[in-house]
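A.B. asks: Dropping in structure-v2.txt, with compact mmCIF, C-alpha atoms.
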# COMPACT_ATOMS: atom_id res chain seq x y z
CA MET A 1384 -10.52 -39.11 8.80
CA LYS A 1385 -7.22 -38.50 7.00
CA ASP A 1386 -5.10 -35.43 7.76
CA ILE A 1387 -5.22 -32.53 5.36
CA ASP A 1388 -1.96 -31.64 3.64
CA LEU A 1389 -2.23 -27.88 3.30
CA GLU A 1390 1.09 -27.70 1.49
CA LYS A 1391 -0.47 -29.68 -1.37
CA TYR A 1392 -3.17 -27.01 -1.71
CA LYS A 1393 -0.59 -24.26 -1.39
CA SER A 1394 1.39 -25.76 -4.27
CA ALA A 1395 -1.79 -26.06 -6.34
CA TRP A 1396 -2.52 -22.41 -5.62
CA GLY A 1397 1.01 -21.36 -6.52
CA GLY A 1398 0.95 -23.28 -9.79
CA GLU A 1399 -2.55 -22.21 -10.79
CA LYS A 1400 -2.40 -21.09 -14.41
CA SER A 1401 -5.83 -19.43 -14.38
CA PHE A 1402 -4.49 -16.50 -12.40
CA ASP A 1403 -2.33 -15.57 -15.37
CA ASN A 1404 -5.40 -15.11 -17.57
CA ARG A 1405 -6.76 -11.66 -18.24
CA ILE A 1406 -9.94 -11.31 -16.24
CA ILE A 1407 -11.02 -8.20 -18.07
CA SER A 1408 -10.66 -8.57 -21.79
CA GLY A 1409 -11.21 -5.92 -24.43
CA LEU A 1410 -10.91 -3.05 -21.96
CA ASP A 1411 -8.05 -0.64 -22.02
CA PRO A 1412 -6.74 -0.24 -18.42
CA ALA A 1413 -5.82 3.37 -19.22
CA ARG A 1414 -9.53 4.05 -19.78
CA TYR A 1415 -10.72 2.98 -16.39
CA LEU A 1416 -7.99 4.96 -14.66
CA LYS A 1417 -10.29 7.91 -15.35
CA ARG A 1418 -13.46 6.44 -13.84
CA ARG A 1419 -15.02 7.60 -10.57
CA SER A 1420 -14.16 5.67 -7.45
CA LYS A 1421 -16.86 4.26 -5.22
CA GLY A 1422 -14.58 3.34 -2.34
CA ILE A 1423 -15.25 4.33 1.26
CA VAL A 1424 -13.00 7.41 1.13
CA SER A 1425 -14.75 8.64 -2.02
CA SER A 1426 -18.17 8.05 -0.49
CA PHE A 1427 -17.19 10.34 2.44
CA ARG A 1428 -16.18 13.02 -0.05
CA THR A 1429 -19.25 12.59 -2.29
CA GLY A 1430 -21.60 12.90 0.70
CA LEU A 1431 -19.96 16.14 1.80
CA VAL A 1432 -19.80 17.65 -1.68
CA MET A 1433 -23.49 16.93 -2.28
CA ASP A 1434 -24.42 18.57 1.01
CA LEU A 1435 -22.20 21.57 0.26
CA VAL A 1436 -23.96 22.08 -3.08
CA LEU A 1437 -27.35 21.82 -1.37
CA LYS A 1438 -26.35 24.27 1.35
CA CYS A 1439 -25.02 26.76 -1.22
CA ILE A 1440 -28.41 26.63 -2.98
CA LEU A 1441 -30.10 27.12 0.42
CA GLY A 1442 -27.84 30.09 1.19
CA ALA A 1443 -28.74 31.65 -2.16
CA SER A 1444 -32.46 31.04 -1.54
CA PHE A 1445 -32.32 32.78 1.87
CA ALA A 1446 -30.46 35.70 0.26
CA VAL A 1447 -33.30 35.97 -2.28
CA LEU A 1448 -35.87 35.80 0.55
CA ILE A 1449 -34.17 38.71 2.36
CA PHE A 1450 -34.65 40.70 -0.83
CA LEU A 1451 -38.27 39.53 -1.35
CA TYR A 1452 -39.32 40.29 2.23
CA SER A 1453 -37.55 43.64 2.34
CA MET A 1454 -40.80 45.25 3.52
CA GLN A 1455 -41.16 42.98 6.58
CA PRO A 1456 -38.31 43.68 9.05
CA GLY A 1457 -39.16 40.67 11.26
CA LEU A 1458 -38.83 38.28 8.33
CA ILE A 1459 -35.63 39.96 7.13
CA THR A 1460 -34.17 39.19 10.56
CA VAL A 1461 -35.32 35.55 10.42
CA CYS A 1462 -34.03 35.04 6.86
CA GLY A 1463 -30.80 36.87 7.77
CA ILE A 1464 -30.23 34.58 10.76
CA LEU A 1465 -30.96 31.51 8.62
CA PHE A 1466 -28.62 32.80 5.90
CA CYS A 1467 -25.82 33.25 8.48
CA LEU A 1468 -26.57 29.79 9.88
CA VAL A 1469 -26.28 28.21 6.42
CA CYS A 1470 -22.98 30.05 5.80
CA TYR A 1471 -21.63 28.75 9.12
CA LEU A 1472 -22.75 25.19 8.27
CA ILE A 1473 -21.01 25.47 4.88
CA PHE A 1474 -17.84 26.53 6.70
CA LEU A 1475 -18.08 23.52 9.05
CA GLN A 1476 -18.61 21.10 6.15
CA PHE A 1477 -15.61 22.58 4.33
CA LYS A 1478 -13.50 22.04 7.44
CA THR A 1479 -14.62 18.41 7.62
CA SER A 1480 -13.90 17.80 3.93
CA ALA A 1481 -10.32 18.98 4.48
CA ASP A 1482 -9.87 16.21 7.08
CA ILE A 1483 -10.97 13.31 4.87
CA PRO A 1484 -8.18 10.70 4.80
CA GLY A 1485 -6.28 11.36 1.57
CA GLN A 1486 -5.83 8.97 -1.31
CA MET A 1487 -2.43 8.10 0.15
CA ALA A 1488 -4.23 6.25 2.98
CA TYR A 1489 -4.71 3.33 0.58
CA SER A 1490 -0.94 2.79 0.67
CA ASP A 1491 -1.01 2.28 4.45
CA ASP A 1492 -1.13 -1.15 6.00
CA LEU A 1493 -4.63 -2.57 6.47
CA ARG A 1494 -4.80 -1.84 10.18
CA THR A 1495 -3.73 1.83 9.81
CA PHE A 1496 -6.11 2.24 6.87
CA LEU A 1497 -9.05 0.91 8.89
CA GLU A 1498 -8.13 3.00 11.96
CA LYS A 1499 -7.85 6.19 9.91
CA GLY A 1500 -11.22 5.60 8.26
CA ILE A 1501 -13.02 4.69 11.49
CA THR A 1502 -11.47 7.55 13.50
CA PHE A 1503 -12.40 10.08 10.82
CA TYR A 1504 -15.93 8.76 10.65
CA ARG A 1505 -16.50 8.47 14.40
CA THR A 1506 -15.10 11.93 15.21
CA LYS A 1507 -15.39 14.36 12.28
CA TYR A 1508 -17.72 12.81 9.74
CA TYR A 1509 -20.33 11.79 12.27
CA LYS A 1510 -20.80 15.44 13.27
CA SER A 1511 -21.10 16.40 9.63
CA LEU A 1512 -23.99 13.94 9.21
CA TYR A 1513 -25.97 15.91 11.82
CA ILE A 1514 -25.08 19.08 9.93
CA SER A 1515 -26.15 17.48 6.62
CA ALA A 1516 -29.47 16.51 8.18
CA LEU A 1517 -30.15 20.19 8.95
CA SER A 1518 -30.62 20.75 5.21
CA SER A 1519 -34.04 19.09 5.30
CA PRO A 1520 -35.73 21.46 7.83
CA LEU A 1521 -33.98 24.42 6.19
CA ILE A 1522 -35.37 23.41 2.77
CA PHE A 1523 -38.79 23.11 4.38
CA ILE A 1524 -38.57 26.60 5.95
CA SER A 1525 -37.20 28.16 2.79
CA GLY A 1526 -39.94 26.47 0.71
CA MET A 1527 -42.61 27.68 3.11
CA PHE A 1528 -41.36 31.29 2.85
CA PHE A 1529 -41.33 31.13 -0.97
CA TYR A 1530 -44.79 29.56 -1.05
CA ASN A 1531 -46.20 32.25 1.21
CA TYR A 1532 -44.59 35.00 -0.80
CA PHE A 1533 -45.89 33.84 -4.17
CA LYS A 1534 -49.31 32.77 -2.84
CA TYR A 1535 -50.07 35.57 -0.36
CA THR A 1536 -47.22 38.05 -1.07
CA GLY A 1537 -46.17 37.71 2.55
CA VAL A 1538 -46.24 35.51 5.65
CA ARG A 1539 -49.41 35.98 7.63
CA THR A 1540 -49.20 36.44 11.39
CA MET A 1541 -48.71 33.03 12.94
CA ASP A 1542 -50.33 31.83 16.15
CA LEU A 1543 -49.00 29.28 18.60
CA THR A 1544 -50.57 26.33 16.72
CA ASP A 1545 -48.85 27.40 13.48
CA PHE A 1546 -45.51 27.54 15.26
CA PHE A 1547 -46.14 24.16 16.80
CA VAL A 1548 -46.98 22.60 13.41
CA LEU A 1549 -43.99 24.27 11.74
CA GLY A 1550 -41.69 23.14 14.54
CA LEU A 1551 -43.03 19.61 14.38
CA PHE A 1552 -42.46 19.40 10.61
CA CYS A 1553 -38.92 20.72 11.00
CA LEU A 1554 -38.19 18.25 13.77
CA VAL A 1555 -39.57 15.30 11.81
CA ALA A 1556 -37.60 16.38 8.71
CA TYR A 1557 -34.41 16.64 10.77
CA VAL A 1558 -34.78 13.40 12.69
CA PHE A 1559 -35.75 11.40 9.60
CA SER A 1560 -32.88 12.83 7.55
CA ALA A 1561 -30.33 12.30 10.35
CA PHE A 1562 -31.56 8.73 10.84
CA VAL A 1563 -31.18 7.87 7.14
CA HIS A 1564 -27.71 9.48 6.89
CA ILE A 1565 -26.39 7.81 10.04
CA LYS A 1566 -27.91 4.41 9.33
CA HIS A 1567 -26.46 4.40 5.81
CA PHE A 1568 -22.90 5.12 6.97
CA ASN A 1569 -23.09 3.01 10.11
CA ILE A 1570 -23.57 -0.10 7.98
CA ARG A 1571 -20.35 0.63 6.10
CA ILE A 1572 -18.37 1.60 9.15
CA SER A 1573 -19.53 -1.35 11.24
CA GLN A 1574 -17.98 -3.62 8.59
CA MET A 1575 -14.68 -1.80 8.97
CA GLU A 1576 -14.96 -1.96 12.77
CA LYS A 1577 -15.62 -5.67 12.57
CA CYS A 1578 -12.43 -6.11 10.54
CA LEU A 1579 -10.42 -4.02 12.99
CA SER A 1580 -11.86 -5.95 15.90
CA GLU A 1581 -10.90 -9.16 14.09
CA LEU A 1582 -7.33 -7.86 13.83
CA ASP A 1583 -7.31 -6.91 17.51
CA GLU A 1584 -9.33 -9.96 18.51
CA GLY A 1585 -11.76 -7.97 20.66
CA GLY A 1586 -9.08 -5.93 22.40
CA ILE A 1587 -8.52 -2.21 22.62
CA SER A 1588 -10.46 -1.18 19.53
CA GLU A 1589 -13.71 -2.63 20.88
CA LEU A 1590 -13.39 -0.43 23.96
CA THR A 1591 -12.67 2.55 21.74
CA VAL A 1592 -15.75 1.81 19.69
CA ARG A 1593 -17.92 1.68 22.83
CA LYS A 1594 -16.50 5.02 23.96
CA GLN A 1595 -17.23 6.48 20.54
CA ILE A 1596 -20.83 5.23 20.65
CA ARG A 1597 -21.28 6.98 24.02
CA GLN A 1598 -19.90 10.20 22.49
CA GLN A 1599 -22.33 9.87 19.58
CA ARG A 1600 -25.29 9.69 21.97
CA ILE A 1601 -24.10 12.86 23.71
CA MET A 1602 -23.75 14.53 20.29
CA LEU A 1603 -27.31 13.55 19.38
CA LEU A 1604 -28.63 14.99 22.64
CA ILE A 1605 -26.74 18.25 22.06
CA ALA A 1606 -28.06 18.46 18.50
CA VAL A 1607 -31.68 17.98 19.64
CA LEU A 1608 -31.25 20.58 22.41
CA LEU A 1609 -29.75 23.03 19.91
CA LEU A 1610 -32.63 22.45 17.52
CA ILE A 1611 -35.21 23.09 20.24
CA THR A 1612 -33.35 26.23 21.38
CA GLY A 1613 -33.13 27.45 17.79
CA PHE A 1614 -36.81 26.88 17.25
CA ALA A 1615 -37.68 28.72 20.48
CA ALA A 1616 -35.49 31.63 19.33
CA LEU A 1617 -37.28 31.65 15.97
CA VAL A 1618 -40.68 31.77 17.72
CA PHE A 1619 -39.47 34.61 19.93
CA ILE A 1620 -38.18 36.65 16.97
CA LEU A 1621 -41.38 36.16 14.96
CA MET A 1622 -43.49 37.21 17.92
CA LEU A 1623 -41.59 40.49 18.35
CA MET B 238 -0.83 12.99 -15.24
CA ASP B 239 2.54 12.53 -16.90
CA PRO B 240 2.18 10.08 -19.86
CA ARG B 241 5.57 8.57 -19.00
CA LEU B 242 4.34 7.85 -15.47
CA GLU B 243 1.14 6.35 -16.85
CA LYS B 244 3.13 4.08 -19.18
CA GLU B 245 5.38 3.02 -16.28
CA PHE B 246 2.32 2.34 -14.10
CA LEU B 247 0.63 0.24 -16.77
CA GLU B 248 3.81 -1.81 -17.18
CA HIS B 249 3.90 -2.46 -13.40
CA LEU B 250 0.23 -3.33 -13.53
CA GLU B 251 0.81 -5.86 -16.30
CA THR B 252 3.67 -7.48 -14.35
CA ASN B 253 1.64 -7.73 -11.14
CA ARG B 254 -1.79 -8.45 -12.66
CA LYS B 255 -1.79 -11.81 -10.94
CA ILE B 256 -1.91 -10.19 -7.47
CA ILE B 257 -5.02 -8.14 -8.27
CA HIS B 258 -6.55 -11.19 -9.90
CA LYS B 259 -6.05 -13.24 -6.73
CA VAL B 260 -7.51 -10.55 -4.47
CA CYS B 261 -10.57 -10.31 -6.73
CA PHE B 262 -10.81 -14.11 -6.77
CA ILE B 263 -10.80 -14.27 -2.96
CA TYR B 264 -13.28 -11.45 -2.33
CA CYS B 265 -15.75 -11.74 -5.22
CA ARG B 266 -18.14 -14.38 -6.36
CA ASN B 267 -19.19 -13.52 -9.90
CA ARG B 268 -17.97 -11.92 -13.08
CA SER B 269 -19.69 -8.60 -12.53
CA ASP B 270 -18.24 -8.25 -9.02
CA ILE B 271 -14.81 -9.11 -10.35
CA ASN B 272 -14.99 -6.51 -13.12
CA ASP B 273 -16.05 -3.85 -10.63
CA MET B 274 -13.48 -4.84 -8.04
CA TYR B 275 -10.67 -5.13 -10.58
CA GLN B 276 -11.35 -1.67 -11.96
CA GLU B 277 -11.70 -0.16 -8.47
CA ILE B 278 -8.36 -1.66 -7.38
CA VAL B 279 -6.61 -0.43 -10.53
CA LEU B 280 -8.09 3.03 -9.99
CA GLN B 281 -6.94 3.16 -6.36
CA LEU B 282 -3.50 1.91 -7.38
CA TRP B 283 -3.28 4.62 -10.01
CA LYS B 284 -4.40 7.37 -7.63
CA SER B 285 -2.01 6.17 -4.93
CA TYR B 286 0.87 5.58 -7.33
CA PRO B 287 2.53 8.95 -6.66
CA SER B 288 2.80 7.95 -2.97
CA PHE B 289 4.76 4.80 -3.79
CA LYS B 290 8.27 5.69 -2.73
CA GLY B 291 9.80 2.27 -3.21
CA LYS B 292 10.36 1.77 0.55
CA SER B 293 8.63 -1.60 0.29
CA ALA B 294 8.57 -3.99 -2.65
CA LEU B 295 6.14 -3.02 -5.40
CA SER B 296 4.22 -6.27 -4.92
CA THR B 297 3.80 -5.52 -1.16
CA TRP B 298 2.45 -2.07 -1.99
CA ILE B 299 0.05 -3.53 -4.58
CA TYR B 300 -1.18 -6.06 -2.02
CA ARG B 301 -1.77 -3.25 0.50
CA VAL B 302 -3.81 -1.09 -1.86
CA ALA B 303 -5.70 -4.07 -3.28
CA LEU B 304 -6.62 -5.48 0.14
CA ASN B 305 -7.57 -2.06 1.54
CA THR B 306 -9.83 -1.55 -1.47
CA ALA B 307 -11.38 -5.02 -1.38
CA ILE B 308 -12.06 -5.03 2.36
CA THR B 309 -13.73 -1.60 2.34
CA ALA B 310 -15.54 -2.04 -0.98
CA THR B 311 -18.89 -0.30 -1.01
CA ARG B 312 -19.77 -0.79 -4.65
CA ASN B 313 -21.61 -4.03 -4.44
CA SER B 314 -23.47 -5.44 -1.48
CA VAL B 315 -22.87 -8.95 -2.82
CA ILE B 316 -19.18 -8.54 -2.02
CA LEU B 317 -20.03 -7.74 1.58
CA VAL B 318 -22.47 -10.58 2.17
CA LYS B 319 -21.16 -13.36 4.42
CA THR B 320 -19.68 -15.95 2.16
CA GLU B 321 -21.01 -18.93 4.09
CA GLU B 322 -24.29 -18.24 2.33
CA ALA B 323 -22.94 -19.11 -1.10
CA PRO B 324 -19.64 -20.97 -1.01
CA GLU B 325 -20.01 -22.35 -4.51
CA ILE B 326 -18.25 -20.73 -7.44
CA ALA B 327 -20.87 -18.97 -9.56
CA ASP B 328 -21.45 -20.46 -13.03
CA ASP B 329 -20.25 -17.43 -14.95
CA TYR B 330 -17.15 -17.29 -12.77
CA GLU B 331 -16.48 -20.98 -13.26
CA SER B 332 -16.69 -20.63 -17.03
CA MET B 333 -14.23 -17.77 -16.83
CA MET B 334 -11.71 -19.71 -14.79
CA ASP B 335 -10.24 -23.09 -15.53
CA LEU B 336 -9.23 -24.07 -12.04
CA SER B 337 -7.56 -27.25 -10.93
CA GLU B 338 -9.57 -29.45 -8.57
CA ASP B 339 -7.35 -28.59 -5.57
CA THR B 340 -7.66 -24.84 -6.17
CA ARG B 341 -11.41 -25.18 -6.58
CA LEU B 342 -11.66 -26.95 -3.23
CA LEU B 343 -9.34 -24.41 -1.61
CA TYR B 344 -11.50 -21.58 -2.97
CA LYS B 345 -14.59 -23.13 -1.40
CA ALA B 346 -12.79 -23.45 1.93
CA ILE B 347 -11.41 -19.89 1.83
CA SER B 348 -14.86 -18.50 1.05
CA LYS B 349 -15.92 -19.66 4.52
CA LEU B 350 -13.24 -17.57 6.24
CA GLU B 351 -13.69 -14.05 7.64
CA ARG B 352 -12.42 -11.12 5.58
CA ILE B 353 -9.22 -10.57 7.57
CA GLU B 354 -8.50 -14.30 7.62
CA LYS B 355 -8.87 -14.33 3.84
CA ALA B 356 -6.31 -11.53 3.51
CA ILE B 357 -3.78 -13.29 5.72
CA ILE B 358 -4.18 -16.69 4.12
CA LEU B 359 -3.94 -15.14 0.66
CA LEU B 360 -0.55 -13.70 1.56
CA TRP B 361 0.56 -16.99 3.10
CA LEU B 362 -0.52 -18.93 -0.01
CA ASP B 363 1.54 -16.53 -2.07
CA ASP B 364 4.61 -17.42 -0.02
CA ARG B 365 5.03 -13.95 1.44
CA SER B 366 7.36 -13.77 4.44
CA TYR B 367 5.88 -13.15 7.91
CA LYS B 368 7.58 -9.74 7.87
CA ASP B 369 5.89 -8.93 4.57
CA ILE B 370 2.49 -10.06 5.89
CA SER B 371 3.06 -7.99 9.03
CA ASP B 372 3.85 -4.91 6.89
CA THR B 373 0.78 -5.43 4.73
CA ILE B 374 -1.73 -6.16 7.47
CA GLY B 375 -0.26 -3.95 10.22
CA ILE B 376 0.10 -6.51 13.00
CA THR B 377 3.25 -7.82 14.66
CA VAL B 378 5.21 -10.71 13.18
CA LYS B 379 4.39 -12.76 16.29
CA ASN B 380 0.70 -12.06 15.83
CA VAL B 381 0.98 -13.04 12.15
CA SER B 382 2.47 -16.36 13.18
CA VAL B 383 -0.32 -17.00 15.72
CA LYS B 384 -3.04 -16.03 13.25
CA ILE B 385 -1.63 -18.15 10.42
CA THR B 386 -1.48 -21.20 12.69
CA ARG B 387 -5.12 -20.69 13.70
CA ILE B 388 -6.32 -20.04 10.15
CA LYS B 389 -4.49 -23.12 8.86
CA VAL B 390 -6.23 -25.28 11.47
CA LYS B 391 -9.59 -23.73 10.53
CA LEU B 392 -8.89 -24.17 6.82
CA ALA B 393 -7.86 -27.81 7.30
CA THR B 394 -11.08 -28.51 9.19
CA ILE B 395 -13.18 -26.92 6.46
CA LEU B 396 -11.30 -28.82 3.76
CA LYS B 397 -11.80 -32.08 5.66
CA ASN B 398 -15.54 -31.43 5.78
CA LEU B 399 -15.63 -30.54 2.11
CA GLN B 400 -13.90 -33.74 1.02
Could you rewrite the structure in this file as structure tokens?
C.D. replies:
Amino acid sequence: MKDIDLEKYKSAWGGEKSFDNRIISGLDPARYLKRRSKGIVSSFRTGLVMDLVLKCILGASFAVLIFLYSMQPGLITVCGILFCLVCYLIFLQFKTSADIPGQMAYSDDLRTFLEKGITFYRTKYYKSLYISALSSPLIFISGMFFYNYFKYTGVRTMDLTDFFVLGLFCLVAYVFSAFVHIKHFNIRISQMEKCLSELDEGGISELTVRKQIRQQRIMLLIAVLLLITGFAALVFILML
Amino acid sequence: MDPRLEKEFLEHLETNRKIIHKVCFIYCRNRSDINDMYQEIVLQLWKSYPSFKGKSALSTWIYRVALNTAITATRNSVILVKTEEAPEIADDYESMMDLSEDTRLLYKAISKLERIEKAIILLWLDDRSYKDISDTIGITVKNVSVKITRIKVKLATILKNLQ
């Protein structure tokens, strides 16, 4: 088989006239300077903003519930705790949004750009996905309180089975939501990690990634333990 | 933003349109992907423009932003699919381009490379210096040299098989 002269192809590439053509005709470039980006950095920001809006609505709904259940001190306490929890979660999400790699990251070299994105995701954003997932059980609890108020004008005394069912629903809502959030972003990030690994040729970054995966598992365990503790505290308060 | 700055940016964009075109060509496979990618790159260039301090050549900076955008594109899953699955140039793309036979063959060969390999070979094909490639990709000049040698061997093998 004859040898390939790559220089011949390089010259053909260099002299290719088609690259001078306009690939987008009839569109004013100034117009699409105003469009919304769908890049990885923007998707981090969009995810956080959407969760912040949702959590603000949740905060407002718990504030309304405190007012609606003003005659039931036990429920005021529960709604008050949940309101404070939502406020704290909003604060955490705000803190994460401040750490999103800025637009200037696009001007970095490819390796730095990938490292910044992966580090942010694996350390800060990953935690925020667990926080985002908390919206689902909180919506469920808030919805249940509203339903009970408008249907029965109050929450009836709950027995152990009711608490078990409520807890189970909250847990399922949380786990499902966390799974969807994490799976969705992991696909994107794994592509970036693959590129970084390609740059490093399976060196340091692969070890870093493994370490980060181990940290994620610990985070998941902590989140589940916190959820169980929170639920037990809720049961205890309602039983008082 | 300042209209003067916008005018200046659009002039730079016009001068360096070819670079964005090539990045889109390497990373996309059909007209719709190209339109999306082209607009995304221009948008990222525009948003990052205030950070361009002129420390590197404008073309190097454009390559950086364009490659960072293309490699982390999330808009279209088609862009992210492994290119071995469809190395042919799509019909609508082919009608849009009027490529020489050698470029067409080179495109087919490049489409079989990994994403980072594509970025490096694109810069090499554009006659960028090793220092320039090192600054754009973020690896040492020595590593650039090693990678280019490997990619060239891989590319030659693919081209041989395609002929």
A.B. asks: Enter the distance from atom CA of A:Thr1479 to atom CA of A:Leu1517, in Å, rounded to one decimal.
C.D. replies: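 That distance, rounded to one decimal, is 15.7 Å.
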A.B. asks: Can you check which parts of chain B lie within 7 Å of chain A? Per residue, the shortest pair of atoms and distance in Å to one decimal, counting all atoms listed in the file, sorted by chain and number, as JSON lines.
C.D. replies:
{"residue": "B:Lys255", "atom": "CA", "partner": "A:Phe1402", "partner_atom": "CA", "distance": 5.6}
{"residue": "B:His258", "atom": "CA", "partner": "A:Phe1402", "partner_atom": "CA", "distance": 6.2}
{"residue": "B:Lys259", "atom": "CA", "partner": "A:Phe1402", "partner_atom": "CA", "distance": 6.7}
{"residue": "B:Asn272", "atom": "CA", "partner": "A:Ile1407", "partner_atom": "CA", "distance": 6.6}
{"residue": "B:Gln276", "atom": "CA", "partner": "A:Tyr1415", "partner_atom": "CA", "distance": 6.5}
{"residue": "B:Glu277", "atom": "CA", "partner": "A:Ser1420", "partner_atom": "CA", "distance": 6.4}
{"residue": "B:Val279", "atom": "CA", "partner": "A:Leu1416", "partner_atom": "CA", "distance": 6.9}
{"residue": "B:Leu280", "atom": "CA", "partner": "A:Leu1416", "partner_atom": "CA", "distance": 5.1}
{"residue": "B:Trp283", "atom": "CA", "partner": "A:Leu1416", "partner_atom": "CA", "distance": 6.6}
{"residue": "B:Lys284", "atom": "CA", "partner": "A:Gln1486", "partner_atom": "CA", "distance": 6.7}
{"residue": "B:Ser285", "atom": "CA", "partner": "A:Met1487", "partner_atom": "CA", "distance": 5.5}
{"residue": "B:Ser288", "atom": "CA", "partner": "A:Met1487", "partner_atom": "CA", "distance": 6.1}
{"residue": "B:Trp298", "atom": "CA", "partner": "A:Ser1490", "partner_atom": "CA", "distance": 6.5}
{"residue": "B:Arg301", "atom": "CA", "partner": "A:Asp1492", "partner_atom": "CA", "distance": 5.9}
{"residue": "B:Val302", "atom": "CA", "partner": "A:Tyr1489", "partner_atom": "CA", "distance": 5.1}
{"residue": "B:Asn305", "atom": "CA", "partner": "A:Leu1493", "partner_atom": "CA", "distance": 5.8}
{"residue": "B:Thr306", "atom": "CA", "partner": "A:Gly1422", "partner_atom": "CA", "distance": 6.9}
{"residue": "B:Thr309", "atom": "CA", "partner": "A:Ile1423", "partner_atom": "CA", "distance": 6.2}
{"residue": "B:Ala310", "atom": "CA", "partner": "A:Gly1422", "partner_atom": "CA", "distance": 5.6}
{"residue": "B:Thr311", "atom": "CA", "partner": "A:Gly1422", "partner_atom": "CA", "distance": 5.8}
{"residue": "B:Arg312", "atom": "CA", "partner": "A:Lys1421", "partner_atom": "CA", "distance": 5.9}
{"residue": "B:Met334", "atom": "CA", "partner": "A:Ser1401", "partner_atom": "CA", "distance": 5.9}
{"residue": "B:Asp335", "atom": "CA", "partner": "A:Ser1401", "partner_atom": "CA", "distance": 5.8}
{"residue": "B:Leu336", "atom": "CA", "partner": "A:Ser1401", "partner_atom": "CA", "distance": 6.2}
{"residue": "B:Asp339", "atom": "CA", "partner": "A:Tyr1392", "partner_atom": "CA", "distance": 5.9}
{"residue": "B:Thr340", "atom": "CA", "partner": "A:Trp1396", "partner_atom": "CA", "distance": 5.7}
{"residue": "B:Leu343", "atom": "CA", "partner": "A:Tyr1392", "partner_atom": "CA", "distance": 6.7}
{"residue": "B:Ile353", "atom": "CA", "partner": "A:Cys1578", "partner_atom": "CA", "distance": 6.2}
{"residue": "B:Leu362", "atom": "CA", "partner": "A:Lys1393", "partner_atom": "CA", "distance": 5.5}
{"residue": "B:Asp363", "atom": "CA", "partner": "A:Gly1397", "partner_atom": "CA", "distance": 6.6}
{"residue": "B:Asp372", "atom": "CA", "partner": "A:Asp1492", "partner_atom": "CA", "distance": 6.3}
{"residue": "B:Thr373", "atom": "CA", "partner": "A:Asp1492", "partner_atom": "CA", "distance": 4.9}
{"residue": "B:Ile374", "atom": "CA", "partner": "A:Leu1493", "partner_atom": "CA", "distance": 4.7}
{"residue": "B:Gly375", "atom": "CA", "partner": "A:Arg1494", "partner_atom": "CA", "distance": 5.0}
{"residue": "B:Ala393", "atom": "CA", "partner": "A:Ile1387", "partner_atom": "CA", "distance": 5.7}
{"residue": "B:Lys397", "atom": "CA", "partner": "A:Ile1387", "partner_atom": "CA", "distance": 6.6}
A.B. asks: Counting all atoms listed in the file, figure out which residue out of B:Val378, B:Ile388, B:Cys265, B:Leu242 gets nearest to B:Tyr286.
C.D. replies: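 Among the listed residues, B:Leu242 lies closest to B:Tyr286.
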A.B. asks: One decimal, in Å: what's the spacing between atom CA of A:Gln1455 and atom CA of A:Ala1556?
C.D. replies: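 Going from atom CA of A:Gln1455 over to atom CA of A:Ala1556 covers 26.9 Å.
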A.B. asks: Please fill the gaps in stretch 1476-1486 of chain A so it has N, CA and C atoms, and write that as an mmCIF file, keeping the file's coordinate frame.
C.D. replies:
data_model
loop_
_atom_site.group_PDB
_atom_site.id
_atom_site.type_symbol
_atom_site.label_atom_id
_atom_site.label_comp_id
_atom_site.auth_asym_id
_atom_site.auth_seq_id
_atom_site.Cartn_x
_atom_site.Cartn_y
_atom_site.Cartn_z
ATOM 1 N N GLN A 1476 -18.726 22.229 7.086
ATOM 2 C CA GLN A 1476 -18.610 21.100 6.150
ATOM 3 C C GLN A 1476 -17.299 21.169 5.355
ATOM 4 N N PHE A 1477 -16.892 22.399 5.025
ATOM 5 C CA PHE A 1477 -15.610 22.580 4.330
ATOM 6 C C PHE A 1477 -14.456 22.098 5.203
ATOM 7 N N LYS A 1478 -14.549 22.448 6.493
ATOM 8 C CA LYS A 1478 -13.500 22.040 7.440
ATOM 9 C C LYS A 1478 -13.426 20.516 7.517
ATOM 10 N N THR A 1479 -14.599 19.880 7.540
ATOM 11 C CA THR A 1479 -14.620 18.410 7.620
ATOM 12 C C THR A 1479 -14.024 17.804 6.346
ATOM 13 N N SER A 1480 -14.389 18.380 5.192
ATOM 14 C CA SER A 1480 -13.900 17.800 3.930
ATOM 15 C C SER A 1480 -12.368 17.868 3.840
ATOM 16 N N ALA A 1481 -11.789 18.873 4.495
ATOM 17 C CA ALA A 1481 -10.320 18.980 4.480
ATOM 18 C C ALA A 1481 -9.669 17.865 5.289
ATOM 19 N N ASP A 1482 -10.431 17.264 6.211
ATOM 20 C CA ASP A 1482 -9.870 16.210 7.080
ATOM 21 C C ASP A 1482 -10.085 14.792 6.559
ATOM 22 N N ILE A 1483 -10.735 14.660 5.409
ATOM 23 C CA ILE A 1483 -10.970 13.310 4.870
ATOM 24 C C ILE A 1483 -9.625 12.637 4.617
ATOM 25 N N PRO A 1484 -9.466 11.364 5.062
ATOM 26 C CA PRO A 1484 -8.180 10.700 4.800
ATOM 27 C C PRO A 1484 -7.860 10.763 3.315
ATOM 28 N N GLY A 1485 -6.664 11.174 2.984
ATOM 29 C CA GLY A 1485 -6.280 11.360 1.570
ATOM 30 C C GLY A 1485 -6.165 10.043 0.832
ATOM 31 N N GLN A 1486 -5.983 10.139 -0.457
ATOM 32 C CA GLN A 1486 -5.830 8.970 -1.310
ATOM 33 C C GLN A 1486 -4.643 8.122 -0.858
#
